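Report on the following structure.
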Amino acid sequence: MRTWITALLLGSGSVAFAQPTEWLLLGNNGTTAGTNFLGTDDAVRLTVRTDDSWRLQVNESESYNIDAFSLMPADGFVGISPDDAFWSTAPYGPFGRLHLAEGREYNTQTIGYRPWMRNGINFTGNNDQMYIGQKYTYDDPEDHTSGELLDYTDAIIQWSDNPGTWLSDRMRFIFTSEYSSMSTTGNASLEGLEAMQLYPHDDGSEVFVGIGDWFAAGVSPSERLDVLNRTIRIRRLVPDYEDTGLDYDKVMVTDDDGRIHWRPISTLDCEWSMSGSSPNHVYTAVGSASATCPDEVENVGIGTASPAYKLHVVDDTPVSSTTRAIHALATGGTAGNTCIAAEAEADNGTASTAVWALAYNGSATCTGISGVANVEAGETSVNIYGVRGNTEIDVDATVTEAFGVHGQVSTSTGTITNARGVYGRAEATATRCYGVEGTGRNGTTVNYGGRFEATSTTAGTNYGVFASANSSTTANWAGWFSGDINVTGQGFIPGNLWTPSDAMFKTNVEPLINAVDVIAQLDAHTYDYLEADFPMMDLPSGNQGGLIAQELELVLPSLVTETTFPAQYDDQGNQTSCRKR
């Protein structure tokens with residue numbers, strides 16, 4: 001640069017101006033900030049040009065209108081633009097502390113401007129606008145002239161568009177790496193890898209947040225939060241969060257499009273539900289028929305996809321040597337405990353079974369039902385039952401046969417060494433032990449304390465009752481009967497039939513007078529029994545020999561008694577002791 005002295009000659013006198021200090025390209029020294037500066041000291045903007053184009057402007061102390069807001073303070077605002085177009089279009093200056101303007105046409109879009117866009121960076125270009133910076137809070141949120149609240153500041157990222165055209169203007173987060181012309185999407189592509197975008201909905205009232213590469217997918221987010229792919233993972237929820245005052249009776253559900261909704265538990269009729277009242281029971285498979293939800297005509301499977309029962313439980317992956325499909329424990333009841341309560345009701349149906357058990361393929365033991373009743377040490381109980389069966393008939397009900405306990409063993413082609421319909425065993429240090437005890441009471445026609453039948457279609461021996469008593473004590477009876485005994489058929493007693501004959505049992509003992517004459521009055525006969533007329537007595541066939549009761553009664557009446565043979569019935573309750581011809 002050159003220095004100069006300007007002289008003004010006025011008449012015979014002259015004035016000489018002081019030599020100013022210039023800014024040198026290679027730097028200055030001896031400068032003072034208060035007196036040496038690059039700029040203006042009057043009310044004129046500072047501008048910087050290159051290639052004779054207006055590139056940068058620093059405002060003087062001034063204000064001007066920006067869109068609908070009048071005389072916005074713009075003191076010292078800095079604007080940077082590549083050409084003069086920004087400065088030749090209203091408002092002819094920057095919007096905030098730093099304004100980057102694209103220049104050329106459509107570079108000063110003002111419709112998105114707000115007065116709080118002051119201390120930050122404004123961007124305009126391509127007829128759009130954006131701001132990053134601070135937003136101070138007004139005393140009156142509706143009036144920007146009402147003053148600002150001290151220390152109430154928000155950090156802002158803002159963008160805008162022309163009314164009705166915001167469909168294409170989004171806020172996007174994009175990651176890029178080394179460019180490859182072979183990549184059409186992703187971080188190496190011209191577009192880059194989109195991580196997230198904020199998409200203003202076309203009605204202008206809400207913004208959708210989309211996570212994912214929406215550009216690559218060719219779609220737009222359509223919900224307040226829209227996850228394009230993958231899923232959402234929460235690594236940790238607060239473990240000790242508990243607030244019993246909150247209403248927890250709501251669950252999160254999704255529709256077929258993946259949209260998340262919430263519903264009160266009490267309104268759910270699908271899968272597992274809760275009653276919604278205290279106690280809040282959990283239930284499923286109720287209600288009228290539904291194509292999408294478990295209902296009253298459908299079954300529930302646990303461990304099986306093909307349940308054959310209302311509740312069908314299968315455990316085929318045992319974690320120990322013992323597998324239990326269902327384990328029930330009832331404890332703490334003051335009135336009584338019931339682990340499993342089974343109830344079967346058939347409205348005029350053919351059969352009802354409260355509990356049905358099937359055990360198969362046990363190499364050592366198969367047990368359909370195993371019952372154990374235990375009284376712990378120090379405790380007292382009146383009655384305990386390993387297995388107990390009760391049959392109760394209500395008033396006016398009619399039943400052909402009732403079984404307290406019914407045991408049955410059957411096979412078609414298999415081989416069984418010993419088959420026991422019911423097996424009872426009592427082995428204990430007790431006053432009395434009963435292997436099996438049966439009582440029949442209050443039957444209007446007949447009562448059986450025990451009823452047994454053994455039949456076979458193949459060769460072999462059948463025992464209706466087989467009794468054995470093995471003991472070293474003197475009182476040892478295979479059978480003990482208190483009352484009369486009726487035997488239809490033949491009786492074989494190889495060890496003699498003993499009757500009480502000891503003198504200690506008898507009184508009024510007198511000799512039988514004319515015993516030979518008495519015996520001579522008895523007539524012996526041969527005869528055949530009327531088997532068909534009296535089938536219930538199982539009379540022997542063929543010619544027999546013996547006495548006639550009526551004739552014996554005339555000679556020795558004390559040796560003849562009269563009895564009524566009880567009626568006999570089959571398993572269906574039909575009388576079988578009637579006369580047949």
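Numbering starts fresh at 1 for the residues of each chain in the structure tokens, the chains themselves are lettered A, B, ... in the order given, and ligands are numbered from 1 as they appear.
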
Query - Residues within 12 Å of Ser160 of chain A, only C-alpha atoms, excluding chain neighbours under 6 positions, as a ChimeraX atom specification - result: /A:109-114,122-131,166-171,199-200,204

Query raised in the report: Which polymer residues have any atom within 10 Å of an atom of Ala402 of chain A, counting only C-alpha atoms, with same-chain residues fewer than 6 positions away left out, as a VMD selection string?
Result: chain A and resid 390 to 393

Query raised in the report: If you run DSSP on this backbone, which residues of segment 182-364 of chain A come out as strand (DSSP E), and could you give them as a VMD selection string?
Result: chain A and resid 193 to 200 207 to 211 225 to 227 250 to 254 260 to 264 273 to 274 282 to 283 300 to 302 311 to 313

Requested in this report: Mind giving me the straight-line distance from atom CA of Phe452 of chain A to atom CA of Gly386 of chain A in Å, one decimal?
Outcome: 22.9 Å
